[in-house]
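Right, one structure below, let's go through it.
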Amino acid sequence: MKRIYMNNCLTTKPDPAVIEAMMPYLTEKYYLPEHFISTGTQLEEDIAAFKHIVAASMGAEDEEIHFTSGGTSANNLAIKGYLSANAAKGTHIICSVVDYPDILTNAAFFEDSGFDVTYLSADAEGVINLQELEAAIRPETILMMTTLVNHTIGTIQPLARIREILNQADHAIALHVDAGQAYGKLPIDVHANGIDMMSVSGHKIHGPKGVGALYVRKGIILGPVKHGINRMDKLETGATSTAAIAGFAKAVELIFADFEKNNAYLRELTGYLLERIQTTIPHTMLNSPADPSRRAPHNINISMDYIEGEAIMMMMDYHGITIATGSACFSEGLNPNYVLMAIGRTHVQSHGSLKFTLSKFNTREEIDFLVEKLAEVVIELRKRSPLYNEE
Amino acid sequence: MKYSQKVLDHFMNPHNIGKLENPDISATEGSPACGDQVSIDLKINPKTLVIEDIGFQSYGCASNIATASIITDMAKGKTLEDAKQVTWKEAAEELDGLPPAKMHCSVLAVDTLRKAIKEYEISHGLAKAEAFSKLTIVKELKQVIYPKVGEDIVSLKMVKYVGFKEGVATVDVDVPSFDQYRENIAEEIREHLKQFPEITKVIVTL
């Protein structure tokens with residue numbers, strides 16, 4: 001049975017060309033970048049070329065890109081680095097209740113360390129409240145953090161408006177963007193969008209795991225977070241894997257070479273999936289924004305009434321299909337998905353939520369098979385549910 | 001962490017699934033808000049007090065369905081007295097074990113069965129409703145599982161204080177501030193105590 005994988009928000013299948021690009025650095029080019037000595041300088045040159053690929057993909061300058069050991073590492077280097085270097089200017093930061101856990105756990109950490117944190121609310125589609133943002137800004141505000149594409153429901157945050165509002169303040173407020181789900185899915189120009197720091201991840205775009213990048217605008221000072229030997233980068237210390245960076249750069253190259261085509265394909269697929277589910281299965285509720293232009297092209301989040309998501313997920317797994325759920329029964333803390341609760345969904349809607357995140361490797365045939373099986377599973381579980389009454 | 005094959009078998013092909021026609025007694029435990037609810041119907045031989053037929057419905061995860069299925073298997077053919085003795089640990093063992101965070105599913109299934117039996121016994125004059133006291137609360141807290149280890153919060157000595165005055169139940173529980181299950185434990189306690197009409201308000205302090 002061929003596995004149908006639709007949890008690409010979690011991780012993606014590496015492109016064969018990515019693996020190929022990594023191989024030389026796992027075999028003959030296993031050296032580390034160094035000055036002057038030929039084994040090192042060839043790696044220096046290669047990494048400079050990879051850095052250029054990543055920088056060009058987001059309108060940054062090469063020296064503004066730092067390779068990291070992943071998206072979470074990039075977020076930590078940015079948030080902790082910025083706040084430790086700039087705390088003298090103020091100790092108030094802003095994020096929202098629907099942000100990615102990297103941002104929320106960092107915010108909680110700084111709250112415990114004496115910072116004031118404003119958590120903006122979000123509307124029923126997951127867009128952060130801009131009036132609250134305007135009202136929250138004060139002289140001590142030094143950082144705003146946002147998750148450009150929501151990791152649960154795919155909502156796109158209004159980045160330009162956020163920057164505009166931050167610019168209305170009498171002092172500089174840095175903007176950090178977690179672009180883990182946005183990179184490769186939306187056009188992002190860091191300079192045009194006034195982004196000060198932005199994190200991206202390799203394995204979300206068909207690259208390898210354990211590699212990502214942090215963009216830091218020239219002039220932004222970050223304090224050290226990871227102490228250790230500066231082999232290649234003063235932020236991410238130690239010996240970063242050149243093979244992972246090579247694979248990441250290849251993934252970036254591929255995803256931006258076919259940017260329009262890829263994303264039009266994803267939009268078509270998710271649109272088709274949504275339409276098929278809504279016309280085949282009764283009693284569902286879309287959690288992603290209804291207007292496709294307001295959600296990322298790869299994400300559809302939808303709740304099945306009267307039944308619980310982990311059971312659906314497990315039965316779909318039995319049929320060879322991988323999807324995700326926001327049910328408490330599948331979460332680490334046994335709590336319903338916080339994004340769905342924040343946008344006003346009920347416990348039951350959150351428990352019954354399913355997240356389908358697609359990639360270029362998915363097909364319409366897979367969607368047809370998935371919807372057929374999902375309809376069977378939903379009928380079976382509703383038959384077992386005391387909450388469901390067929391009449 | 002994964003489910004045993006037996007859990008998966010009972011989940012995919014549950015035994016005794018569905019409502020019974022004209023049951024002698026029915027009981028429901030859990031709530032959709034908590035993500036799991038089980039309903040059990042019983043047909044009882046009034047002379048022998050043997051459970052002759054049993055059916056269940058479940059709103060919940062794979063282990064919720066599997067534990068309800070195994071409980072119905074274990075209860076069928078037993079006398080009410082014997083069926084009451086089935087524990088959530090035995091049910092979990094019968095399924096070749098459950099992940100610690102899923103033990104509460106087993107508790108829910110056993111609770112539902114016991115509730116049905118008790119209601120039958122009370123309605124047929126076989127038992128009296130227990131007088132409510134602080135001890136009732138303590139007993140009920142033994143049904144609240146700490147998901148990290150899969151044991152109840154009373155046995156784990158996590159309950160530091162239980163009070164009951166003028167309808168207000170107060171429970172102090174020792175859970176570290178960084179524990180990921182804090183909210184869940186408080187919610188479970190409230191959910192368990194909500195069922196007693198004597199309790200009008202529950203205050204949980206962590």
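Simple scheme: letters A, B, ... for chains in structure tokens order, numbers from 1 for residues in each chain, numbers from 1 for ligands in the order shown.
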*asked:* For Ala78 in chain A, find every residue with an atom within 12 Å (counting only C-alpha atoms), except residues of its own chain fewer than 3 positions away, and show them as a VMD selection string.
replied: chain A and resid 65 to 66 68 71 to 75 81 to 86 102 to 103 106 143 to 145 174 to 178 196 to 200 213 to 217 220 to 226 235 to 236
- [ ] Would you kindly return, as number ranges by chain, each protein, DNA or RNA residue with an atom no farther than 10 Å from any atom of Ile343 in chain A, considering only C-alpha atoms and excluding same-chain residues fewer than 2 positions away?
- [x] A: 97-98, 121-128, 287, 338-341, 345-346
Please write the residues from the selection above to a file, keeping C-alpha atoms, as an mmCIF file, in the first residue's frame.
data_model
loop_
_atom_site.group_PDB
_atom_site.id
_atom_site.type_symbol
_atom_site.label_atom_id
_atom_site.label_comp_id
_atom_site.auth_asym_id
_atom_site.auth_seq_id
_atom_site.Cartn_x
_atom_site.Cartn_y
_atom_site.Cartn_z
ATOM 1 C CA VAL A 97 -2.527 33.970 21.112
ATOM 2 C CA VAL A 98 -2.395 32.105 17.786
ATOM 3 C CA SER A 121 -6.402 38.176 20.215
ATOM 4 C CA ALA A 122 -7.421 36.827 16.821
ATOM 5 C CA ASP A 123 -10.690 36.909 14.889
ATOM 6 C CA ALA A 124 -12.761 33.877 13.815
ATOM 7 C CA GLU A 125 -10.380 33.269 10.892
ATOM 8 C CA GLY A 126 -7.206 33.626 12.930
ATOM 9 C CA VAL A 127 -6.201 37.158 11.867
ATOM 10 C CA ILE A 128 -4.608 39.062 14.737
ATOM 11 C CA ASN A 287 -11.654 26.239 10.230
ATOM 12 C CA TYR A 338 -5.188 26.354 21.289
ATOM 13 C CA VAL A 339 -5.470 28.050 17.895
ATOM 14 C CA LEU A 340 -8.932 26.618 17.289
ATOM 15 C CA MET A 341 -10.024 27.557 20.809
ATOM 16 C CA ARG A 345 -14.303 27.042 18.116
ATOM 17 C CA THR A 346 -15.889 24.811 20.768
#
Would you tabulate, counting only C-alpha atoms, all residues of chain B that have an atom at most 6 Å from an atom of chain A, showing the closest pair of atoms and their distance in Å to one decimal, sorted by chain then ascending number, as CSV?
residue,atom,partner,partner_atom,distance
B:Pro32,CA,A:Val348,CA,6.0
B:Ala33,CA,A:His347,CA,5.1
B:Gln57,CA,A:Arg384,CA,5.1
B:Ser58,CA,A:Ser385,CA,4.9
B:Tyr59,CA,A:Ser385,CA,4.8
B:Gly60,CA,A:Glu308,CA,5.2
B:Cys61,CA,A:Ala311,CA,4.5
B:Ala62,CA,A:Ala311,CA,4.8
B:Gln180,CA,A:Gly333,CA,4.9
B:Tyr181,CA,A:Gly333,CA,4.9
Given the selection you just returned, output its residues as a file containing all heavy atoms, formatted as a PDB file, in the first residue's frame.
ATOM      1  N   PRO B  32     -18.627  15.596  25.995  1.00  0.00           N
ATOM      2  CA  PRO B  32     -17.990  15.959  24.722  1.00  0.00           C
ATOM      3  C   PRO B  32     -16.901  17.016  24.913  1.00  0.00           C
ATOM      4  O   PRO B  32     -15.903  17.016  24.195  1.00  0.00           O
ATOM      5  CB  PRO B  32     -19.146  16.510  23.894  1.00  0.00           C
ATOM      6  CG  PRO B  32     -20.385  15.918  24.493  1.00  0.00           C
ATOM      7  CD  PRO B  32     -20.085  15.755  25.941  1.00  0.00           C
ATOM      8  N   ALA B  33     -17.071  17.904  25.903  1.00  0.00           N
ATOM      9  CA  ALA B  33     -16.073  18.958  26.120  1.00  0.00           C
ATOM     10  C   ALA B  33     -14.717  18.363  26.454  1.00  0.00           C
ATOM     11  O   ALA B  33     -13.679  18.880  26.057  1.00  0.00           O
ATOM     12  CB  ALA B  33     -16.527  19.886  27.234  1.00  0.00           C
ATOM     13  N   GLN B  57     -21.932   2.838  23.146  1.00  0.00           N
ATOM     14  CA  GLN B  57     -21.619   3.845  22.128  1.00  0.00           C
ATOM     15  C   GLN B  57     -20.512   4.712  22.676  1.00  0.00           C
ATOM     16  O   GLN B  57     -20.394   4.879  23.900  1.00  0.00           O
ATOM     17  CB  GLN B  57     -22.844   4.696  21.828  1.00  0.00           C
ATOM     18  CG  GLN B  57     -23.859   3.999  20.951  1.00  0.00           C
ATOM     19  CD  GLN B  57     -24.846   4.997  20.402  1.00  0.00           C
ATOM     20  OE1 GLN B  57     -25.592   5.614  21.158  1.00  0.00           O
ATOM     21  NE2 GLN B  57     -24.847   5.179  19.102  1.00  0.00           N
ATOM     22  N   SER B  58     -19.693   5.242  21.795  1.00  0.00           N
ATOM     23  CA  SER B  58     -18.554   6.015  22.276  1.00  0.00           C
ATOM     24  C   SER B  58     -18.274   7.207  21.381  1.00  0.00           C
ATOM     25  O   SER B  58     -18.284   7.107  20.157  1.00  0.00           O
ATOM     26  CB  SER B  58     -17.319   5.101  22.310  1.00  0.00           C
ATOM     27  OG  SER B  58     -16.151   5.859  22.176  1.00  0.00           O
ATOM     28  N   TYR B  59     -18.073   8.351  22.037  1.00  0.00           N
ATOM     29  CA  TYR B  59     -17.521   9.526  21.354  1.00  0.00           C
ATOM     30  C   TYR B  59     -16.132   9.673  21.940  1.00  0.00           C
ATOM     31  O   TYR B  59     -15.987   9.974  23.131  1.00  0.00           O
ATOM     32  CB  TYR B  59     -18.368  10.761  21.644  1.00  0.00           C
ATOM     33  CG  TYR B  59     -17.661  12.073  21.353  1.00  0.00           C
ATOM     34  CD1 TYR B  59     -17.549  12.547  20.051  1.00  0.00           C
ATOM     35  CD2 TYR B  59     -17.089  12.812  22.378  1.00  0.00           C
ATOM     36  CE1 TYR B  59     -16.888  13.728  19.790  1.00  0.00           C
ATOM     37  CE2 TYR B  59     -16.426  13.999  22.116  1.00  0.00           C
ATOM     38  CZ  TYR B  59     -16.326  14.453  20.826  1.00  0.00           C
ATOM     39  OH  TYR B  59     -15.657  15.623  20.562  1.00  0.00           O
ATOM     40  N   GLY B  60     -15.105   9.412  21.168  1.00  0.00           N
ATOM     41  CA  GLY B  60     -13.767   9.516  21.736  1.00  0.00           C
ATOM     42  C   GLY B  60     -12.718   8.910  20.839  1.00  0.00           C
ATOM     43  O   GLY B  60     -12.997   8.498  19.706  1.00  0.00           O
ATOM     44  N   CYS B  61     -11.515   8.840  21.390  1.00  0.00           N
ATOM     45  CA  CYS B  61     -10.358   8.408  20.604  1.00  0.00           C
ATOM     46  C   CYS B  61     -10.312   6.886  20.492  1.00  0.00           C
ATOM     47  O   CYS B  61     -11.176   6.179  21.001  1.00  0.00           O
ATOM     48  CB  CYS B  61      -9.081   8.935  21.237  1.00  0.00           C
ATOM     49  SG  CYS B  61      -8.787   8.288  22.881  1.00  0.00           S
ATOM     50  N   ALA B  62      -9.274   6.391  19.844  1.00  0.00           N
ATOM     51  CA  ALA B  62      -9.132   4.958  19.607  1.00  0.00           C
ATOM     52  C   ALA B  62      -9.149   4.176  20.921  1.00  0.00           C
ATOM     53  O   ALA B  62      -9.822   3.147  21.029  1.00  0.00           O
ATOM     54  CB  ALA B  62      -7.841   4.686  18.845  1.00  0.00           C
ATOM     55  N   GLN B 180       2.894  19.931  31.839  1.00  0.00           N
ATOM     56  CA  GLN B 180       2.038  20.153  30.676  1.00  0.00           C
ATOM     57  C   GLN B 180       0.603  19.690  30.898  1.00  0.00           C
ATOM     58  O   GLN B 180      -0.289  20.040  30.144  1.00  0.00           O
ATOM     59  CB  GLN B 180       2.619  19.443  29.461  1.00  0.00           C
ATOM     60  CG  GLN B 180       2.726  17.939  29.631  1.00  0.00           C
ATOM     61  CD  GLN B 180       3.285  17.264  28.402  1.00  0.00           C
ATOM     62  OE1 GLN B 180       3.376  17.859  27.352  1.00  0.00           O
ATOM     63  NE2 GLN B 180       3.691  16.009  28.522  1.00  0.00           N
ATOM     64  N   TYR B 181       0.368  18.875  31.953  1.00  0.00           N
ATOM     65  CA  TYR B 181      -0.974  18.353  32.196  1.00  0.00           C
ATOM     66  C   TYR B 181      -1.760  19.165  33.227  1.00  0.00           C
ATOM     67  O   TYR B 181      -2.847  18.758  33.632  1.00  0.00           O
ATOM     68  CB  TYR B 181      -0.895  16.892  32.641  1.00  0.00           C
ATOM     69  CG  TYR B 181      -0.343  15.977  31.580  1.00  0.00           C
ATOM     70  CD1 TYR B 181       0.892  15.368  31.729  1.00  0.00           C
ATOM     71  CD2 TYR B 181      -1.058  15.730  30.409  1.00  0.00           C
ATOM     72  CE1 TYR B 181       1.406  14.534  30.747  1.00  0.00           C
ATOM     73  CE2 TYR B 181      -0.562  14.904  29.424  1.00  0.00           C
ATOM     74  CZ  TYR B 181       0.671  14.303  29.599  1.00  0.00           C
ATOM     75  OH  TYR B 181       1.170  13.485  28.625  1.00  0.00           O
TER      76      TYR B 181
END
(Q) Between CA of Gln157 in chain A and CA of Val54 in chain A, what distance in Å does the model show, to one decimal? (A)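 Pair CA of Gln157 in chain A / CA of Val54 in chain A returns 22.4 Å.
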Determine which residues of range 124-320 of chain A receive a DSSP assignment of strand (DSSP E or B), computed from the backbone, and state them as a VMD selection string.
-> chain A and resid 128 141 to 147 149 155 to 156 174 to 178 183 186 197 to 201 212 to 216 284 to 286 295 299 to 304
Store the residues of this selection in a file with N, CA and C atoms, as a compact mmCIF listing (two decimals), in the first residue's frame.
# COMPACT_ATOMS: atom_id res chain seq x y z
N ILE A 128 -4.83 38.39 13.46
CA ILE A 128 -4.61 39.06 14.74
C ILE A 128 -5.31 40.42 14.75
N THR A 141 7.95 49.29 24.36
CA THR A 141 7.79 48.17 23.42
C THR A 141 9.01 48.07 22.52
N ILE A 142 9.64 46.90 22.51
CA ILE A 142 10.84 46.79 21.66
C ILE A 142 10.72 45.71 20.58
N LEU A 143 9.75 44.81 20.73
CA LEU A 143 9.69 43.72 19.75
C LEU A 143 8.25 43.25 19.52
N MET A 144 7.94 43.02 18.24
CA MET A 144 6.67 42.40 17.87
C MET A 144 7.02 41.11 17.15
N MET A 145 6.36 40.01 17.53
CA MET A 145 6.61 38.71 16.89
C MET A 145 5.33 38.23 16.24
N THR A 146 5.43 37.68 15.06
CA THR A 146 4.23 37.14 14.41
C THR A 146 4.57 35.90 13.60
N THR A 147 3.56 35.04 13.47
CA THR A 147 3.68 33.82 12.67
C THR A 147 2.96 34.12 11.36
N VAL A 149 2.26 32.64 8.46
CA VAL A 149 1.19 31.72 8.09
C VAL A 149 0.91 30.84 9.29
N THR A 155 -3.93 30.68 8.15
CA THR A 155 -4.24 32.10 8.00
C THR A 155 -2.97 32.92 7.69
N ILE A 156 -3.09 33.85 6.74
CA ILE A 156 -1.97 34.75 6.43
C ILE A 156 -2.16 36.04 7.22
N ALA A 174 11.23 46.40 16.71
CA ALA A 174 11.68 45.36 15.78
C ALA A 174 10.54 44.39 15.48
N LEU A 175 10.54 43.87 14.26
CA LEU A 175 9.53 42.89 13.85
C LEU A 175 10.21 41.57 13.54
N HIS A 176 9.84 40.54 14.32
CA HIS A 176 10.36 39.20 14.04
C HIS A 176 9.24 38.36 13.45
N VAL A 177 9.54 37.71 12.33
CA VAL A 177 8.53 36.90 11.64
C VAL A 177 8.96 35.44 11.63
N ASP A 178 8.07 34.58 12.13
CA ASP A 178 8.27 33.14 11.95
C ASP A 178 7.62 32.79 10.61
N TYR A 183 7.29 30.40 4.06
CA TYR A 183 8.42 30.42 3.13
C TYR A 183 8.21 29.39 2.01
N LEU A 186 4.42 31.85 -0.01
CA LEU A 186 4.02 33.23 -0.28
C LEU A 186 5.26 34.00 -0.71
N MET A 197 13.77 40.50 11.47
CA MET A 197 14.30 39.14 11.62
C MET A 197 13.26 38.18 11.09
N MET A 198 13.74 37.11 10.47
CA MET A 198 12.78 36.13 9.95
C MET A 198 13.41 34.75 9.97
N SER A 199 12.64 33.78 10.46
CA SER A 199 13.15 32.41 10.53
C SER A 199 12.48 31.55 9.47
N VAL A 200 13.25 30.67 8.86
CA VAL A 200 12.71 29.71 7.89
C VAL A 200 13.34 28.34 8.16
N SER A 201 12.68 27.31 7.65
CA SER A 201 13.11 25.95 7.95
C SER A 201 13.27 25.13 6.68
N GLY A 212 18.04 25.39 8.87
CA GLY A 212 17.13 26.48 8.60
C GLY A 212 17.95 27.73 8.41
N ALA A 213 17.28 28.87 8.36
CA ALA A 213 18.04 30.11 8.24
C ALA A 213 17.35 31.21 9.02
N LEU A 214 18.17 32.13 9.50
CA LEU A 214 17.66 33.32 10.15
C LEU A 214 18.14 34.52 9.36
N TYR A 215 17.17 35.32 8.93
CA TYR A 215 17.51 36.60 8.31
C TYR A 215 17.55 37.63 9.42
N VAL A 216 18.63 38.41 9.47
CA VAL A 216 18.74 39.50 10.44
C VAL A 216 19.12 40.76 9.67
N THR A 284 -19.91 19.31 8.57
CA THR A 284 -18.49 19.68 8.71
C THR A 284 -18.42 21.19 8.90
N MET A 285 -17.28 21.67 9.39
CA MET A 285 -17.09 23.11 9.50
C MET A 285 -15.66 23.47 9.15
N LEU A 286 -15.51 24.38 8.20
CA LEU A 286 -14.18 24.81 7.77
C LEU A 286 -13.57 25.71 8.85
N ARG A 295 -5.69 32.41 3.00
CA ARG A 295 -5.03 31.25 3.62
C ARG A 295 -3.88 30.79 2.74
N ASN A 299 -2.98 24.49 3.00
CA ASN A 299 -3.62 24.11 4.26
C ASN A 299 -5.15 24.13 4.19
N ILE A 300 -5.76 23.01 4.60
CA ILE A 300 -7.21 22.96 4.83
C ILE A 300 -7.44 22.33 6.20
N ASN A 301 -8.11 23.08 7.07
CA ASN A 301 -8.42 22.56 8.40
C ASN A 301 -9.94 22.54 8.52
N ILE A 302 -10.49 21.38 8.86
CA ILE A 302 -11.94 21.25 8.85
C ILE A 302 -12.37 20.32 10.00
N SER A 303 -13.49 20.65 10.65
CA SER A 303 -13.98 19.84 11.77
C SER A 303 -15.12 18.95 11.33
N MET A 304 -15.10 17.74 11.85
CA MET A 304 -16.18 16.77 11.61
C MET A 304 -17.03 16.74 12.88
Contacts of Leu273 in chain A at 8 Å (only C-alpha atoms; same-chain gap of 4+ positions) as a PDB file with C-alpha atoms, in the first residue's frame:
ATOM      1  CA  LEU A 269      -5.503  20.684  -4.922  1.00  0.00           C
ATOM      2  CA  ILE A 277     -15.189  16.934   1.501  1.00  0.00           C
ATOM      3  CA  ILE A 367      -7.581  13.217  -2.854  1.00  0.00           C
ATOM      4  CA  VAL A 371     -12.258  11.503   0.504  1.00  0.00           C
TER       5      VAL A 371
END
task = Once DSSP has gone over the backbone, tell me which residues of range 130-351 of chain A are in alpha helix (DSSP H), as a PyMOL selection string.
result = chain A and resi 130-136+159-167+242-257+259-280+309-318+338-342+347-351
Any idea what's packed within 8 Å of range 135-152 of chain B, counting only C-alpha atoms, ignoring anything in its chain fewer than 4 positions away? Could you give it as a ChimeraX atom specification?
/B:99-104,107,156,162,181,185,188-189,192-193
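From CA of Thr91 in chain A back to CA of Asp116 in chain A, the distance works out to 6.2 Å.
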Original post:
Can you tell me, as a list in words, what residues are no more than 9 Å from Leu26 in chain A when counting only C-alpha atoms, ignoring any on the same chain fewer than 3 positions away?
Top reply: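 Residues near the query, excluding close chain neighbours: Met22, Met23, Lys29, Tyr30, Thr242 and Ala243 of chain A.
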Would you list the contacts of Ala116 in chain B as a short mmCIF file (atom, residue, chain, number, x, y, z; two decimals) with N, CA, C and O atoms, in the first residue's frame, taking every protein, DNA or RNA residue within 12 Å and counting only C-alpha atoms, but skipping same-chain residues closer than 2 positions in sequence?
data_model
loop_
_atom_site.label_atom_id
_atom_site.label_comp_id
_atom_site.auth_asym_id
_atom_site.auth_seq_id
_atom_site.Cartn_x
_atom_site.Cartn_y
_atom_site.Cartn_z
N PRO B 23 -33.31 -1.60 26.77
CA PRO B 23 -32.35 -1.98 27.83
C PRO B 23 -33.01 -1.86 29.20
O PRO B 23 -33.96 -1.07 29.38
N ASP B 24 -32.52 -2.64 30.16
CA ASP B 24 -33.04 -2.53 31.51
C ASP B 24 -32.47 -1.29 32.21
O ASP B 24 -33.11 -0.74 33.11
N ILE B 25 -31.28 -0.93 31.79
CA ILE B 25 -30.68 0.28 32.37
C ILE B 25 -29.64 0.84 31.38
O ILE B 25 -29.02 0.08 30.64
N SER B 26 -29.49 2.15 31.37
CA SER B 26 -28.48 2.80 30.53
C SER B 26 -27.74 3.82 31.38
O SER B 26 -28.32 4.39 32.30
N ALA B 27 -26.47 4.03 31.07
CA ALA B 27 -25.71 5.06 31.78
C ALA B 27 -24.74 5.72 30.82
O ALA B 27 -24.25 5.10 29.88
N THR B 28 -24.49 7.00 31.07
CA THR B 28 -23.53 7.76 30.25
C THR B 28 -22.55 8.45 31.18
O THR B 28 -22.94 8.98 32.22
N GLU B 29 -21.30 8.41 30.82
CA GLU B 29 -20.26 9.12 31.58
C GLU B 29 -19.39 9.91 30.62
O GLU B 29 -19.30 9.59 29.43
N VAL B 38 -18.92 7.92 27.00
CA VAL B 38 -19.31 6.53 26.76
C VAL B 38 -20.72 6.32 27.28
O VAL B 38 -21.06 6.81 28.36
N SER B 39 -21.54 5.61 26.53
CA SER B 39 -22.87 5.22 26.98
C SER B 39 -22.94 3.69 26.96
O SER B 39 -22.49 3.07 25.99
N ILE B 40 -23.48 3.12 28.02
CA ILE B 40 -23.60 1.65 28.09
C ILE B 40 -25.06 1.28 28.38
O ILE B 40 -25.71 1.89 29.24
N ASP B 41 -25.58 0.30 27.65
CA ASP B 41 -26.92 -0.27 27.89
C ASP B 41 -26.74 -1.69 28.42
O ASP B 41 -25.88 -2.43 27.92
N LEU B 42 -27.56 -2.06 29.39
CA LEU B 42 -27.49 -3.43 29.94
C LEU B 42 -28.86 -4.11 29.87
O LEU B 42 -29.89 -3.49 30.09
N LYS B 43 -28.82 -5.42 29.58
CA LYS B 43 -29.99 -6.29 29.74
C LYS B 43 -29.63 -7.24 30.87
O LYS B 43 -28.61 -7.94 30.78
N ILE B 44 -30.43 -7.22 31.93
CA ILE B 44 -30.08 -7.98 33.13
C ILE B 44 -31.19 -9.00 33.44
O ILE B 44 -32.38 -8.66 33.42
N ILE B 51 -25.63 -10.20 33.71
CA ILE B 51 -25.70 -9.29 32.55
C ILE B 51 -25.80 -10.15 31.29
O ILE B 51 -24.82 -10.81 30.90
N ILE B 54 -25.17 -6.54 26.47
CA ILE B 54 -24.57 -5.24 26.76
C ILE B 54 -24.24 -4.58 25.42
O ILE B 54 -23.85 -5.24 24.46
N GLY B 55 -24.46 -3.28 25.38
CA GLY B 55 -24.12 -2.54 24.16
C GLY B 55 -23.53 -1.21 24.55
O GLY B 55 -23.82 -0.69 25.64
N PHE B 56 -22.65 -0.67 23.71
CA PHE B 56 -22.07 0.63 24.06
C PHE B 56 -22.00 1.54 22.86
O PHE B 56 -22.01 1.09 21.70
N ALA B 75 -17.72 -7.72 31.04
CA ALA B 75 -18.92 -7.69 31.89
C ALA B 75 -19.98 -8.70 31.45
O ALA B 75 -20.74 -9.21 32.28
N LEU B 80 -24.01 -8.95 38.41
CA LEU B 80 -23.76 -7.53 38.70
C LEU B 80 -22.64 -7.41 39.74
O LEU B 80 -21.77 -6.55 39.62
N ALA B 83 -19.36 -8.09 38.01
CA ALA B 83 -19.04 -7.06 37.01
C ALA B 83 -18.56 -5.78 37.68
O ALA B 83 -17.69 -5.07 37.16
N LYS B 84 -19.12 -5.51 38.88
CA LYS B 84 -18.71 -4.31 39.63
C LYS B 84 -17.24 -4.36 40.03
O LYS B 84 -16.61 -3.34 40.26
N ALA B 109 -14.53 4.03 30.98
CA ALA B 109 -15.32 2.85 30.58
C ALA B 109 -15.82 2.11 31.82
O ALA B 109 -16.99 1.74 31.90
N VAL B 110 -14.92 1.91 32.80
CA VAL B 110 -15.31 1.20 34.03
C VAL B 110 -16.35 2.01 34.81
O VAL B 110 -17.33 1.47 35.31
N ASP B 111 -16.14 3.32 34.89
CA ASP B 111 -17.09 4.20 35.58
C ASP B 111 -18.49 4.08 34.99
O ASP B 111 -19.48 4.07 35.72
N THR B 112 -18.55 4.04 33.67
CA THR B 112 -19.86 3.98 33.00
C THR B 112 -20.56 2.67 33.35
O THR B 112 -21.75 2.66 33.68
N LEU B 113 -19.80 1.58 33.31
CA LEU B 113 -20.36 0.28 33.65
C LEU B 113 -20.87 0.28 35.10
O LEU B 113 -21.99 -0.14 35.39
N ARG B 114 -20.04 0.78 36.01
CA ARG B 114 -20.42 0.78 37.43
C ARG B 114 -21.63 1.66 37.69
O ARG B 114 -22.48 1.35 38.51
N LYS B 118 -25.02 0.40 39.37
CA LYS B 118 -25.50 1.04 40.59
C LYS B 118 -26.93 1.57 40.40
O LYS B 118 -27.79 1.37 41.26
N GLU B 119 -27.17 2.20 39.26
CA GLU B 119 -28.52 2.74 39.02
C GLU B 119 -29.56 1.62 38.95
O GLU B 119 -30.68 1.77 39.41
N TYR B 120 -29.15 0.49 38.37
CA TYR B 120 -30.05 -0.66 38.31
C TYR B 120 -30.34 -1.15 39.72
O TYR B 120 -31.49 -1.40 40.10
N GLU B 121 -29.27 -1.26 40.51
CA GLU B 121 -29.43 -1.78 41.88
C GLU B 121 -30.32 -0.85 42.72
O GLU B 121 -31.18 -1.34 43.46
N ILE B 122 -30.10 0.44 42.58
CA ILE B 122 -30.91 1.39 43.37
C ILE B 122 -32.37 1.34 42.92
O ILE B 122 -33.27 1.25 43.75
N SER B 123 -32.58 1.32 41.59
CA SER B 123 -33.96 1.34 41.10
C SER B 123 -34.69 0.03 41.39
O SER B 123 -35.91 -0.02 41.36
#
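Checking A:Leu358, A:Cys9, A:Ile281, A:Ala179 one by one against Arg267 in chain A, counting only C-alpha atoms, you find the shortest gap at A:Leu358.
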Check your understanding: Given the choices A:Pro14, A:Pro158, A:Pro187, A:Pro24, which gets closest to Ser57 in chain A if the distance is worked out from only C-alpha atoms?
Key ->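 Selected residue with least distance to Ser57 in chain A: A:Pro187.
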